[in-house]
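Undergrad: Before we start, here is the structure in question, set down as structure tokens.
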2 protein chains.
Amino acid sequence: MTEFIPPGTRWIDLPSPFAIKRGGALVSGRVAYETWGQLDPARGNAVLILTGLSPDAHAAASEADPSPGWWEAMVGPGKAIDTDRWYVVCVNTLGSCKGSSGPASIDPATGAPWRLAFPELSIEDIADAAAHVVRALGIAKLACVIGNSMGGMSALALLARHPGIARSHVNISGAARALPFSIAIRSLQREAIRLDPNWNNGDYDEAHYPESGMRMARKLGVITYRSALEWDGRFGRVRLDSDRRDGEDPFGLEFEVESYLEAHARRFVRNFDPNCYLYLSRSMDWFDLGESCAGTTEAGLAAIQVERALAIGVGTDILFPLQQQEQIADGLRAGGVQAEFLALPSPQGHDAFLVDFERFTPAVGGFLGAL
Amino acid sequence: MTEFIPPGTRWIDLPSPFAIKRGGALVSGRVAYETWGQLDPARGNAVLILTGLSPDAHAAASEADPSPGWWEAMVGPGKAIDTDRWYVVCVNTLGSCKGSSGPASIDPATGAPWRLAFPELSIEDIADAAAHVVRALGIAKLACVIGNSMGGMSALALLARHPGIARSHVNISGAARALPFSIAIRSLQREAIRLDPNWNNGDYDEAHYPESGMRMARKLGVITYRSALEWDGRFGRVRLDSDRRDGEDPFGLEFEVESYLEAHARRFVRNFDPNCYLYLSRSMDWFDLGESCAGTTEAGLAAIQVERALAIGVGTDILFPLQQQEQIADGLRAGGVQAEFLALPSPQGHDAFLVDFERFTPAVGGFLGAL
């Protein structure tokens with residue numbers, strides 16, 4: 001049970017108890033966040049970033065933490081999300097292991113980690129926790145809420161459940177509901193973790209850690225985060241040099257693509273808490289904007305009131321496919337929002353927003369610049 | 001270690017020793033096959049079917065085994081592969097557990113199953129074994145060789161290594177080489193099996209069987225055999241009725257798509273030998289027609305001499321994507337073959353040839369009918 005908390009992290013306590021959508025309440029919960037830039041006197045220049053499953057709140061370098069953030073190329077002075085103009089807030093997802101309360105943090109009632117006793121978490125809870133941070137920072141209305149991947153789900157839930165919280169919205173490779181292909185992938189990732197004997201119904205420690213399960217889950221993740229097209233060009237059928245292969249293992253790593261997956265998995269497995277992974281993964285499967293808002297996903301989208309919106313997708317994304325971002329733009333437009341849909345020809349699949357800055361910088365920067 | 005041998009199976013012994021591409025030789029090997037229809041006096045009406053990873057040689061019902069075969073809708077009197085006209089031969093892949101020699105069959109030198117002592121198997125060995133069956137049945141030249149999925153790889157290897165063995169070729173959802181996305185998927189499937197403690201370096205038995213690993217591998221397989229489009233329509237976000245759910249398990253099956261994967265996996269895990277799965281899976285990763293033929297995949301295709309060919313693909317196939325069947329048709333055409341490429345709009349992905357008979361019947365039947 002380890003948390004991974006960047007040094008620049010600040011916290012805001014949630015109201016206690018904090019009601020949880022599926023029942024129960026979180027006691028003494030808190031949300032980790034970081035900020036960049038200055039809130040203007042009218043408090044009108046705040047931009048909120050909601051993240052995908054694994055990132056922390058450290059989106060970019062700051063005085064408190066000069067190490068590069070996970071969206072360093074996009075957030076900073078003169079960048080697409082320009083901190084000379086905007087007061088940028090990034091929150092760590094409720095339920096994560098990177099500062100916010102979650103299965104890996106301490107349950108104040110017992111003094112021990114929550115583990116599976118943490119309440120059943122929904123995307124809507126993540127959104128409500130983020131809304132509390134926005135209010136606590138004294139922001140009545142965000143200039144924009146930007147959500148990537150799972151954060152695109154959280155952003156829609158935020159807008160639906162907290163009308164008036166933002167003037168505009170950028171949804172990047174997000175979705176208004178989970179579809180069965182993605183549910184199947186995530187279900188299999190969770191099964192890999194749960195099948196690892198070391199998972200032990202959530203009761204593991206560093207010495208007995210579900211490393212194999214996490215490795216499988218992460219590899220499957222990476223397969224669905226990138227694209228076949230990118231890998232054809234990047235790896236083709238190139239083999240590892242013999243000195244990078246285990247000659248004794250007839251089924252050992254042989255192709256560059258296998259080594260790439262292995263390296264990704266090794267970096268991840270001990271840097272994300274397995275129970276938190278299970279909780280956040282499941283929250284995505286449960287998400288359907290229509291369910292809690294208005295009956296259908298389309299009605300849920302049409303009920304959202306912002307002035308402008310941009311839904312960006314990538315044609316090679318198999319996990320949150322392009323039709324889902326088109327659905328968001330269409331649905332918002334049906335409700336009267338000036339909403340645009342932008343399909344980018346990035347080869348990198350779902351993760352393109354983390355790497356294809358040539359395309360994402362003008363897309364996001366152009367939208368914010370015109371606000 | 002169990003073999004699964006249909007009752008209508010016949011066998012042909014391989015030459016002993018039978019040379020293996022990557023080194024060594026198979027002693028006392030044999031290939032399981034079934035046939036339908038009559039070989040005409042000129043021996044010119046034979047059609048060979050090469051299968052995907054898991055099917056046996058029982059493609060259709062016969063007198064010896066009236067149970068329906070895995071391609072029952074396509075093979076029979078008056079069907080697309082018309083057994084009133086053609087003498088149809090289906091072989092079980094060398095290395096499989098369904099009658100042909102493989103890791104699950106007995107090594108005559110020891111009297112025990114081969115397990116990992118079975119020679120390292122390549123698609124080319126599968127092709128050579130099939131070629132031997134064709135010769136042993138007295139067939140100098142096949143009217144057509146039809147290969148599905150992995151069988152599409154085997155068919156290309158057969159044509160490349162045994163010039164003149166067939167007048168025509170139908171390649172269905174096949175590929176002339178493995179690409180990194182598919183290699184990544186298969187590598188992960190093999191890892192799931194190998195990580196199962198019961199796999200035990202290949203030394204398992206019925207009581208200690210790598211069931212979890214096989215279940216993971218099969219579920220990942222099914223995810224890549226079908227398509228997101230099909231599942232959106234078929235499952236959407238439908239949940240299981242409460243009586244089909246384990247209320248005690250917070251991460252148990254909840255959505256119909258999860259139950260579908262589970263049912264598929266349960267049918268498979270005890271009906272296919274794990275070591276055979278590893279061998280056949282790896283043979284696909286190794287396959288590149290160019291490697292053993294002429295340096296490049298394109299040159300390998302251009303060297304194949306048949307009169308006519310048809311490469312059929314499905315736009316929703318993520319495992320053997322459409323460009324791979326287009327590459328086959330283009331490559332054969334570059335070598336002077338009258339080759340057609342047919343992209344079918346089936347929603348079912350890679351497995352469409354096993355279910356979308358409305359589209360595959362006219363495609364395959366039309367080609368054979370015009371021979």
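By convention in this document, the chains of the structure tokens carry letters A, B, ... by their order, each chain's residues are numbered from 1, and ligands are numbered from 1 in the order they are shown.
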Any idea which chain A residues end up within 7 Å of chain B if we count only C-alpha atoms, as a PyMOL selection string please?

TA: chain A and resi 179-181+184+228+231-232+235-237+257-258

Undergrad: Dump N, CA and C atoms for the selected residues as a PDB file, in the first residue's frame?

TA:
```pdb
ATOM      1  N   LEU A 179     -18.270   1.767 -23.406  1.00  0.00           N
ATOM      2  CA  LEU A 179     -18.826   0.805 -24.361  1.00  0.00           C
ATOM      3  C   LEU A 179     -18.199  -0.578 -24.145  1.00  0.00           C
ATOM      4  N   PRO A 180     -18.850  -1.621 -24.671  1.00  0.00           N
ATOM      5  CA  PRO A 180     -18.459  -2.974 -24.251  1.00  0.00           C
ATOM      6  C   PRO A 180     -17.023  -3.387 -24.601  1.00  0.00           C
ATOM      7  N   PHE A 181     -16.462  -2.906 -25.697  1.00  0.00           N
ATOM      8  CA  PHE A 181     -15.071  -3.282 -25.992  1.00  0.00           C
ATOM      9  C   PHE A 181     -14.157  -2.785 -24.881  1.00  0.00           C
ATOM     10  N   ALA A 184     -14.697  -4.680 -21.716  1.00  0.00           N
ATOM     11  CA  ALA A 184     -14.060  -6.002 -21.793  1.00  0.00           C
ATOM     12  C   ALA A 184     -12.564  -5.898 -21.497  1.00  0.00           C
ATOM     13  N   ALA A 228      -1.903   0.102 -33.759  1.00  0.00           N
ATOM     14  CA  ALA A 228      -1.218  -0.827 -34.660  1.00  0.00           C
ATOM     15  C   ALA A 228      -0.418  -0.058 -35.702  1.00  0.00           C
ATOM     16  N   TRP A 231       2.824   1.250 -34.277  1.00  0.00           N
ATOM     17  CA  TRP A 231       3.781   0.177 -34.000  1.00  0.00           C
ATOM     18  C   TRP A 231       4.345  -0.432 -35.277  1.00  0.00           C
ATOM     19  N   ASP A 232       3.548  -0.465 -36.334  1.00  0.00           N
ATOM     20  CA  ASP A 232       4.083  -0.959 -37.610  1.00  0.00           C
ATOM     21  C   ASP A 232       5.293  -0.123 -38.009  1.00  0.00           C
ATOM     22  N   PHE A 235       8.131  -0.310 -34.701  1.00  0.00           N
ATOM     23  CA  PHE A 235       8.792  -1.575 -34.353  1.00  0.00           C
ATOM     24  C   PHE A 235       8.868  -2.552 -35.522  1.00  0.00           C
ATOM     25  N   GLY A 236       7.862  -2.550 -36.362  1.00  0.00           N
ATOM     26  CA  GLY A 236       7.817  -3.551 -37.425  1.00  0.00           C
ATOM     27  C   GLY A 236       8.032  -4.937 -36.828  1.00  0.00           C
ATOM     28  N   ARG A 237       8.926  -5.690 -37.454  1.00  0.00           N
ATOM     29  CA  ARG A 237       9.241  -7.033 -36.954  1.00  0.00           C
ATOM     30  C   ARG A 237      10.663  -7.095 -36.397  1.00  0.00           C
ATOM     31  N   VAL A 257       8.784  -4.992 -29.913  1.00  0.00           N
ATOM     32  CA  VAL A 257       7.500  -4.591 -29.339  1.00  0.00           C
ATOM     33  C   VAL A 257       7.262  -5.262 -27.985  1.00  0.00           C
ATOM     34  N   GLU A 258       7.753  -6.477 -27.813  1.00  0.00           N
ATOM     35  CA  GLU A 258       7.601  -7.160 -26.525  1.00  0.00           C
ATOM     36  C   GLU A 258       8.449  -6.476 -25.456  1.00  0.00           C
TER      37      GLU A 258
END
```

Undergrad: Write down as a list in words the residues of stretch 120-218 of chain B whose backbone DSSP state falls under strand (DSSP E or B).

TA: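 Restricting stretch 120-218 of chain B to strand (DSSP E or B) produces Leu142, Cys144, Val145, Ile146, Gly147, Asn148, Ala166, Ser168, His169, Val170, Asn171, Ile172 and Arg177 of chain B.
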
Undergrad: Output the coordinates of chain B after least-squares fitting to chain A on all in-order C-alpha pairs, as a short mmCIF file (atom, residue, chain, number, x, y, z; two decimals) with C-alpha atoms, in the first residue's frame.

TA:
```cif
data_model
loop_
_atom_site.label_atom_id
_atom_site.label_comp_id
_atom_site.auth_asym_id
_atom_site.auth_seq_id
_atom_site.Cartn_x
_atom_site.Cartn_y
_atom_site.Cartn_z
CA MET B 1 0.03 -0.02 -0.03
CA THR B 2 2.00 2.93 -1.19
CA GLU B 3 1.02 6.40 -2.20
CA PHE B 4 3.07 8.33 -4.74
CA ILE B 5 2.80 11.99 -3.88
CA PRO B 6 4.67 14.64 -5.86
CA PRO B 7 6.53 17.17 -3.66
CA GLY B 8 4.55 20.18 -4.91
CA THR B 9 1.22 18.70 -3.85
CA ARG B 10 -1.30 20.75 -1.88
CA TRP B 11 -4.52 19.45 -0.40
CA ILE B 12 -8.08 20.55 0.13
CA ASP B 13 -10.22 18.70 2.64
CA LEU B 14 -13.54 17.42 1.42
CA PRO B 15 -16.65 18.11 3.49
CA SER B 16 -16.88 15.28 6.01
CA PRO B 17 -18.88 13.15 5.51
CA PHE B 18 -18.66 13.41 1.72
CA ALA B 19 -21.60 11.58 0.16
CA ILE B 20 -20.73 8.81 -2.31
CA LYS B 21 -23.05 8.21 -5.26
CA ARG B 22 -23.44 4.47 -4.82
CA GLY B 23 -24.03 4.75 -1.10
CA GLY B 24 -22.21 5.60 2.07
CA ALA B 25 -19.91 8.51 2.64
CA LEU B 26 -16.23 9.28 2.84
CA VAL B 27 -15.02 10.59 6.18
CA SER B 28 -12.02 12.95 6.34
CA GLY B 29 -11.40 12.72 2.62
CA ARG B 30 -9.09 15.08 0.79
CA VAL B 31 -8.07 15.97 -2.73
CA ALA B 32 -4.52 16.64 -3.90
CA TYR B 33 -3.96 19.44 -6.40
CA GLU B 34 -1.38 21.74 -7.91
CA THR B 35 -1.77 25.15 -9.53
CA TRP B 36 0.15 27.31 -12.01
CA GLY B 37 -0.26 31.00 -12.81
CA GLN B 38 -2.29 33.59 -10.92
CA LEU B 39 -6.00 33.80 -10.27
CA ASP B 40 -7.05 37.21 -11.58
CA PRO B 41 -8.97 39.61 -9.31
CA ALA B 42 -12.27 38.78 -11.05
CA ARG B 43 -11.51 35.05 -10.52
CA GLY B 44 -12.46 34.48 -14.11
CA ASN B 45 -9.29 32.93 -15.56
CA ALA B 46 -9.27 29.48 -13.95
CA VAL B 47 -8.75 26.37 -16.06
CA LEU B 48 -9.27 22.96 -14.47
CA ILE B 49 -7.51 19.84 -15.77
CA LEU B 50 -9.02 16.42 -15.01
CA THR B 51 -6.72 13.50 -15.71
CA GLY B 52 -6.76 9.97 -17.05
CA LEU B 53 -6.49 6.96 -14.76
CA SER B 54 -2.87 7.15 -13.73
CA PRO B 55 -1.50 10.74 -13.72
CA ASP B 56 -0.97 12.74 -10.57
CA ALA B 57 -1.73 16.44 -10.15
CA HIS B 58 1.77 17.41 -11.29
CA ALA B 59 0.88 18.34 -14.84
CA ALA B 60 3.85 20.70 -15.21
CA ALA B 61 6.91 22.02 -13.44
CA SER B 62 6.38 24.68 -10.79
CA GLU B 63 8.41 26.51 -8.15
CA ALA B 64 7.38 23.97 -5.58
CA ASP B 65 8.30 21.06 -7.85
CA PRO B 66 10.55 21.93 -10.79
CA SER B 67 10.51 18.38 -12.17
CA PRO B 68 8.71 18.06 -15.51
CA GLY B 69 5.04 17.20 -15.25
CA TRP B 70 3.08 14.64 -17.22
CA TRP B 71 1.71 17.36 -19.56
CA GLU B 72 4.79 19.58 -19.49
CA ALA B 73 4.63 20.32 -23.22
CA MET B 74 1.08 21.65 -22.93
CA VAL B 75 1.04 23.61 -19.63
CA GLY B 76 3.28 26.64 -18.98
CA PRO B 77 4.06 30.20 -19.98
CA GLY B 78 3.29 30.67 -23.66
CA LYS B 79 2.19 27.08 -24.10
CA ALA B 80 -1.19 25.80 -25.29
CA ILE B 81 -2.53 26.06 -21.75
CA ASP B 82 -0.80 29.37 -21.16
CA THR B 83 -0.05 29.96 -17.48
CA ASP B 84 0.72 33.61 -18.22
CA ARG B 85 -2.97 34.03 -18.91
CA TRP B 86 -4.70 31.20 -17.06
CA TYR B 87 -4.75 30.10 -13.48
CA VAL B 88 -4.42 26.38 -14.06
CA VAL B 89 -5.57 23.82 -11.50
CA CYS B 90 -4.93 20.10 -11.84
CA VAL B 91 -6.51 17.76 -9.32
CA ASN B 92 -5.51 14.22 -8.56
CA THR B 93 -8.52 11.98 -9.05
CA LEU B 94 -10.40 10.92 -5.93
CA GLY B 95 -9.63 7.20 -5.52
CA SER B 96 -6.11 7.55 -6.90
CA CYS B 97 -2.91 6.78 -5.00
CA LYS B 98 -1.21 10.05 -5.80
CA GLY B 99 -2.32 12.24 -2.97
CA SER B 100 -6.11 12.20 -2.99
CA SER B 101 -8.03 9.86 -0.73
CA GLY B 102 -8.34 6.38 -2.15
CA PRO B 103 -7.97 2.70 -1.35
CA ALA B 104 -4.24 3.21 -0.66
CA SER B 105 -4.67 6.11 1.76
CA ILE B 106 -5.33 5.86 5.47
CA ASP B 107 -8.85 5.38 6.77
CA PRO B 108 -8.86 7.71 9.77
CA ALA B 109 -11.35 5.43 11.51
CA THR B 110 -8.89 2.55 11.63
CA GLY B 111 -5.49 4.12 11.08
CA ALA B 112 -4.90 1.52 8.37
CA PRO B 113 -5.21 1.80 4.59
CA TRP B 114 -8.77 1.69 3.29
CA ARG B 115 -8.05 -1.09 0.77
CA LEU B 116 -11.40 -2.59 -0.32
CA ALA B 117 -13.24 -0.85 2.52
CA PHE B 118 -13.00 2.36 0.51
CA PRO B 119 -16.50 3.22 -0.76
CA GLU B 120 -17.45 2.03 -4.24
CA LEU B 121 -16.22 4.90 -6.36
CA SER B 122 -17.99 6.37 -9.39
CA ILE B 123 -16.86 8.94 -11.93
CA GLU B 124 -19.52 11.20 -10.42
CA ASP B 125 -17.72 11.11 -7.05
CA ILE B 126 -14.48 12.09 -8.77
CA ALA B 127 -16.36 14.99 -10.36
CA ASP B 128 -17.97 16.08 -7.10
CA ALA B 129 -14.59 16.07 -5.36
CA ALA B 130 -13.12 18.21 -8.14
CA ALA B 131 -16.07 20.59 -7.89
CA HIS B 132 -15.36 21.02 -4.20
CA VAL B 133 -11.75 21.95 -4.95
CA VAL B 134 -12.92 24.55 -7.47
CA ARG B 135 -15.27 26.14 -4.90
CA ALA B 136 -12.69 25.96 -2.12
CA LEU B 137 -10.22 27.87 -4.29
CA GLY B 138 -12.79 30.68 -4.53
CA ILE B 139 -13.65 30.06 -8.15
CA ALA B 140 -17.35 30.60 -8.94
CA LYS B 141 -17.01 29.76 -12.61
CA LEU B 142 -14.14 28.11 -14.43
CA ALA B 143 -13.09 29.59 -17.76
CA CYS B 144 -12.65 26.04 -18.98
CA VAL B 145 -12.58 22.47 -17.78
CA ILE B 146 -10.27 20.20 -19.76
CA GLY B 147 -10.59 16.44 -19.38
CA ASN B 148 -8.41 13.75 -20.95
CA SER B 149 -9.47 10.11 -21.31
CA MET B 150 -11.10 9.14 -17.99
CA GLY B 151 -10.85 12.86 -17.19
CA GLY B 152 -13.12 13.47 -20.15
CA MET B 153 -15.74 11.36 -18.39
CA SER B 154 -15.14 13.19 -15.11
CA ALA B 155 -15.45 16.57 -16.84
CA LEU B 156 -18.83 15.68 -18.34
CA ALA B 157 -20.05 14.47 -14.94
CA LEU B 158 -18.77 17.71 -13.39
CA LEU B 159 -20.63 19.85 -15.92
CA ALA B 160 -23.82 17.81 -15.60
CA ARG B 161 -23.89 17.73 -11.80
CA HIS B 162 -22.66 21.26 -11.19
CA PRO B 163 -24.46 23.50 -13.68
CA GLY B 164 -22.74 26.81 -14.19
CA ILE B 165 -19.36 25.59 -12.97
CA ALA B 166 -17.60 26.34 -16.28
CA ARG B 167 -17.96 28.60 -19.29
CA SER B 168 -16.30 26.18 -21.67
CA HIS B 169 -15.05 22.63 -22.03
CA VAL B 170 -12.36 20.72 -23.90
CA ASN B 171 -12.92 16.98 -24.00
CA ILE B 172 -9.88 15.03 -25.20
CA SER B 173 -10.22 11.37 -26.14
CA GLY B 174 -13.06 11.10 -23.64
CA ALA B 175 -16.46 9.48 -23.65
CA ALA B 176 -19.96 10.09 -22.37
CA ARG B 177 -20.34 6.41 -21.51
CA ALA B 178 -18.28 3.23 -21.47
CA LEU B 179 -18.83 0.81 -24.35
CA PRO B 180 -18.46 -2.99 -24.25
CA PHE B 181 -15.06 -3.28 -25.98
CA SER B 182 -13.48 -0.96 -23.41
CA ILE B 183 -15.40 -2.64 -20.59
CA ALA B 184 -14.05 -6.00 -21.78
CA ILE B 185 -10.47 -4.73 -21.84
CA ARG B 186 -10.74 -3.18 -18.38
CA SER B 187 -12.52 -6.22 -16.97
CA LEU B 188 -9.64 -8.39 -18.17
CA GLN B 189 -7.08 -6.01 -16.64
CA ARG B 190 -8.87 -6.22 -13.31
CA GLU B 191 -9.09 -9.99 -13.61
CA ALA B 192 -5.33 -10.20 -14.17
CA ILE B 193 -4.73 -8.30 -10.92
CA ARG B 194 -7.32 -10.27 -8.97
CA LEU B 195 -5.98 -13.59 -10.22
CA ASP B 196 -2.53 -12.79 -8.89
CA PRO B 197 -2.37 -14.74 -5.60
CA ASN B 198 -0.48 -11.82 -4.10
CA TRP B 199 -3.45 -9.55 -4.59
CA ASN B 200 -5.01 -11.50 -1.73
CA ASN B 201 -8.36 -9.75 -1.86
CA GLY B 202 -6.64 -6.40 -1.65
CA ASP B 203 -4.52 -7.24 1.37
CA TYR B 204 -1.00 -7.11 -0.09
CA ASP B 205 2.16 -5.32 0.97
CA GLU B 206 5.46 -4.44 -0.69
CA ALA B 207 6.90 -7.86 0.06
CA HIS B 208 3.81 -9.67 -1.21
CA TYR B 209 2.74 -7.58 -4.13
CA PRO B 210 0.58 -8.56 -7.17
CA GLU B 211 3.37 -7.69 -9.54
CA SER B 212 2.51 -10.23 -12.25
CA GLY B 213 -1.11 -9.15 -12.31
CA MET B 214 -0.17 -5.50 -12.51
CA ARG B 215 2.31 -6.24 -15.28
CA MET B 216 -0.35 -8.03 -17.33
CA ALA B 217 -2.86 -5.25 -16.72
CA ARG B 218 -0.41 -2.57 -17.73
CA LYS B 219 0.73 -4.37 -20.87
CA LEU B 220 -2.85 -4.80 -21.98
CA GLY B 221 -3.37 -1.13 -21.21
CA VAL B 222 -0.41 -0.05 -23.32
CA ILE B 223 -1.62 -2.23 -26.20
CA THR B 224 -4.92 -0.34 -26.17
CA TYR B 225 -3.38 3.09 -25.53
CA ARG B 226 -1.32 3.09 -28.69
CA SER B 227 -2.09 1.88 -32.21
CA ALA B 228 -1.21 -0.85 -34.66
CA LEU B 229 -0.33 1.81 -37.22
CA GLU B 230 2.21 3.48 -34.94
CA TRP B 231 3.79 0.16 -34.01
CA ASP B 232 4.09 -0.99 -37.61
CA GLY B 233 6.25 2.04 -38.29
CA ARG B 234 8.05 2.05 -34.98
CA PHE B 235 8.81 -1.62 -34.37
CA GLY B 236 7.83 -3.60 -37.44
CA ARG B 237 9.23 -7.08 -36.96
CA VAL B 238 12.54 -5.94 -35.47
CA ARG B 239 14.07 -8.44 -33.06
CA LEU B 240 16.06 -7.76 -29.91
CA ASP B 241 19.80 -8.15 -30.16
CA SER B 242 20.90 -11.48 -28.76
CA ASP B 243 22.49 -9.80 -25.73
CA ARG B 244 19.05 -8.50 -24.73
CA ARG B 245 17.46 -11.93 -24.93
CA ASP B 246 17.25 -14.80 -22.53
CA GLY B 247 18.57 -17.65 -24.62
CA GLU B 248 17.39 -20.18 -22.04
CA ASP B 249 13.71 -19.22 -22.25
CA PRO B 250 11.98 -20.58 -25.38
CA PHE B 251 9.11 -18.14 -24.85
CA GLY B 252 11.14 -15.15 -23.68
CA LEU B 253 11.16 -11.68 -25.16
CA GLU B 254 12.20 -11.73 -28.80
CA PHE B 255 10.65 -8.79 -30.64
CA GLU B 256 11.22 -5.09 -29.92
CA VAL B 257 7.50 -4.62 -29.32
CA GLU B 258 7.61 -7.19 -26.51
CA SER B 259 10.52 -5.42 -24.91
CA TYR B 260 8.70 -2.09 -25.20
CA LEU B 261 5.67 -3.52 -23.37
CA GLU B 262 7.89 -5.05 -20.72
CA ALA B 263 9.69 -1.76 -20.10
CA HIS B 264 6.38 0.11 -19.81
CA ALA B 265 5.05 -2.47 -17.40
CA ARG B 266 8.15 -2.44 -15.22
CA ARG B 267 7.96 1.34 -14.88
CA PHE B 268 4.32 1.13 -13.83
CA VAL B 269 3.77 -1.87 -11.61
CA ARG B 270 5.39 -0.56 -8.44
CA ASN B 271 4.29 3.01 -9.06
CA PHE B 272 0.55 2.60 -8.95
CA ASP B 273 -1.47 0.97 -6.24
CA PRO B 274 -3.33 -2.15 -7.46
CA ASN B 275 -6.49 -1.54 -5.43
CA CYS B 276 -6.66 2.05 -6.69
CA TYR B 277 -6.27 0.69 -10.19
CA LEU B 278 -9.22 -1.65 -9.67
CA TYR B 279 -11.42 1.13 -8.27
CA LEU B 280 -10.69 3.67 -11.00
CA SER B 281 -10.94 1.07 -13.76
CA ARG B 282 -14.35 -0.04 -12.51
CA SER B 283 -15.58 3.55 -12.18
CA MET B 284 -15.07 3.98 -15.93
CA ASP B 285 -17.10 0.88 -16.75
CA TRP B 286 -19.95 2.20 -14.64
CA PHE B 287 -20.00 5.59 -16.33
CA ASP B 288 -22.92 6.58 -18.49
CA LEU B 289 -23.73 10.27 -18.42
CA GLY B 290 -27.33 9.46 -19.25
CA GLU B 291 -27.82 7.25 -16.25
CA SER B 292 -27.57 9.91 -13.61
CA CYS B 293 -28.72 12.86 -15.63
CA ALA B 294 -31.60 12.36 -17.97
CA GLY B 295 -32.10 8.78 -19.07
CA THR B 296 -30.14 8.68 -22.30
CA THR B 297 -26.55 9.64 -22.97
CA GLU B 298 -27.70 12.13 -25.58
CA ALA B 299 -30.14 13.75 -23.14
CA GLY B 300 -27.37 13.92 -20.56
CA LEU B 301 -25.15 15.76 -23.02
CA ALA B 302 -27.92 18.08 -24.18
CA ALA B 303 -28.56 19.13 -20.57
CA ILE B 304 -25.01 20.44 -20.15
CA GLN B 305 -24.81 24.21 -20.26
CA VAL B 306 -21.51 25.75 -21.31
CA GLU B 307 -20.95 28.45 -23.91
CA ARG B 308 -18.37 26.69 -26.02
CA ALA B 309 -16.90 23.22 -26.24
CA LEU B 310 -14.37 21.26 -28.24
CA ALA B 311 -14.28 17.46 -28.41
CA ILE B 312 -11.00 16.14 -29.78
CA GLY B 313 -10.48 12.56 -30.87
CA VAL B 314 -7.95 10.46 -32.71
CA GLY B 315 -8.86 8.06 -35.50
CA THR B 316 -6.44 5.39 -34.31
CA ASP B 317 -7.91 5.29 -30.78
CA ILE B 318 -9.45 1.85 -30.14
CA LEU B 319 -10.21 2.42 -26.43
CA PHE B 320 -12.19 5.67 -26.68
CA PRO B 321 -12.98 5.60 -30.40
CA LEU B 322 -13.62 8.70 -32.44
CA GLN B 323 -17.39 8.22 -32.54
CA GLN B 324 -17.44 8.84 -28.80
CA GLN B 325 -15.95 12.32 -29.14
CA GLU B 326 -18.27 13.01 -32.07
CA GLN B 327 -21.17 11.96 -29.85
CA ILE B 328 -20.03 14.45 -27.21
CA ALA B 329 -19.85 17.34 -29.68
CA ASP B 330 -23.16 16.42 -31.31
CA GLY B 331 -24.86 15.99 -27.95
CA LEU B 332 -23.61 19.29 -26.56
CA ARG B 333 -24.60 21.06 -29.77
CA ALA B 334 -28.09 19.60 -29.51
CA GLY B 335 -28.35 21.35 -26.15
CA GLY B 336 -27.38 24.71 -27.63
CA VAL B 337 -23.65 24.68 -26.94
CA GLN B 338 -21.32 26.06 -29.60
CA ALA B 339 -19.51 22.74 -29.84
CA GLU B 340 -16.88 21.58 -32.28
CA PHE B 341 -15.64 18.09 -33.05
CA LEU B 342 -12.03 17.75 -34.12
CA ALA B 343 -10.66 14.44 -35.43
CA LEU B 344 -6.87 14.43 -35.40
CA PRO B 345 -4.91 12.09 -37.67
CA SER B 346 -2.41 11.16 -34.96
CA PRO B 347 -1.00 7.65 -35.39
CA GLN B 348 -0.50 7.21 -31.62
CA GLY B 349 -4.02 6.13 -30.68
CA HIS B 350 -5.62 6.93 -27.33
CA ASP B 351 -2.38 8.28 -25.85
CA ALA B 352 -1.81 10.79 -28.65
CA PHE B 353 -2.59 13.74 -26.34
CA LEU B 354 0.47 12.75 -24.28
CA VAL B 355 2.86 12.68 -27.22
CA ASP B 356 1.54 14.29 -30.41
CA PHE B 357 2.01 17.91 -29.37
CA GLU B 358 2.38 19.04 -32.94
CA ARG B 359 -1.32 18.38 -33.36
CA PHE B 360 -2.63 18.90 -29.82
CA THR B 361 -0.90 22.23 -29.19
CA PRO B 362 -2.74 24.15 -31.93
CA ALA B 363 -6.00 22.33 -31.18
CA VAL B 364 -6.10 23.10 -27.46
CA GLY B 365 -4.18 26.39 -27.70
CA GLY B 366 -6.45 27.63 -30.46
CA PHE B 367 -9.58 26.93 -28.45
CA LEU B 368 -8.29 28.58 -25.27
CA GLY B 369 -6.79 31.47 -27.19
CA ALA B 370 -10.18 32.30 -28.70
CA LEU B 371 -11.96 32.41 -25.32
#
```

Undergrad: Enumerate the residues of stretch 34-177 of chain B with a DSSP assignment of helix (DSSP H, G or I), computed from the backbone, and present them as a PyMOL selection string.

TA: chain B and resi 115-117+123-136+150-161
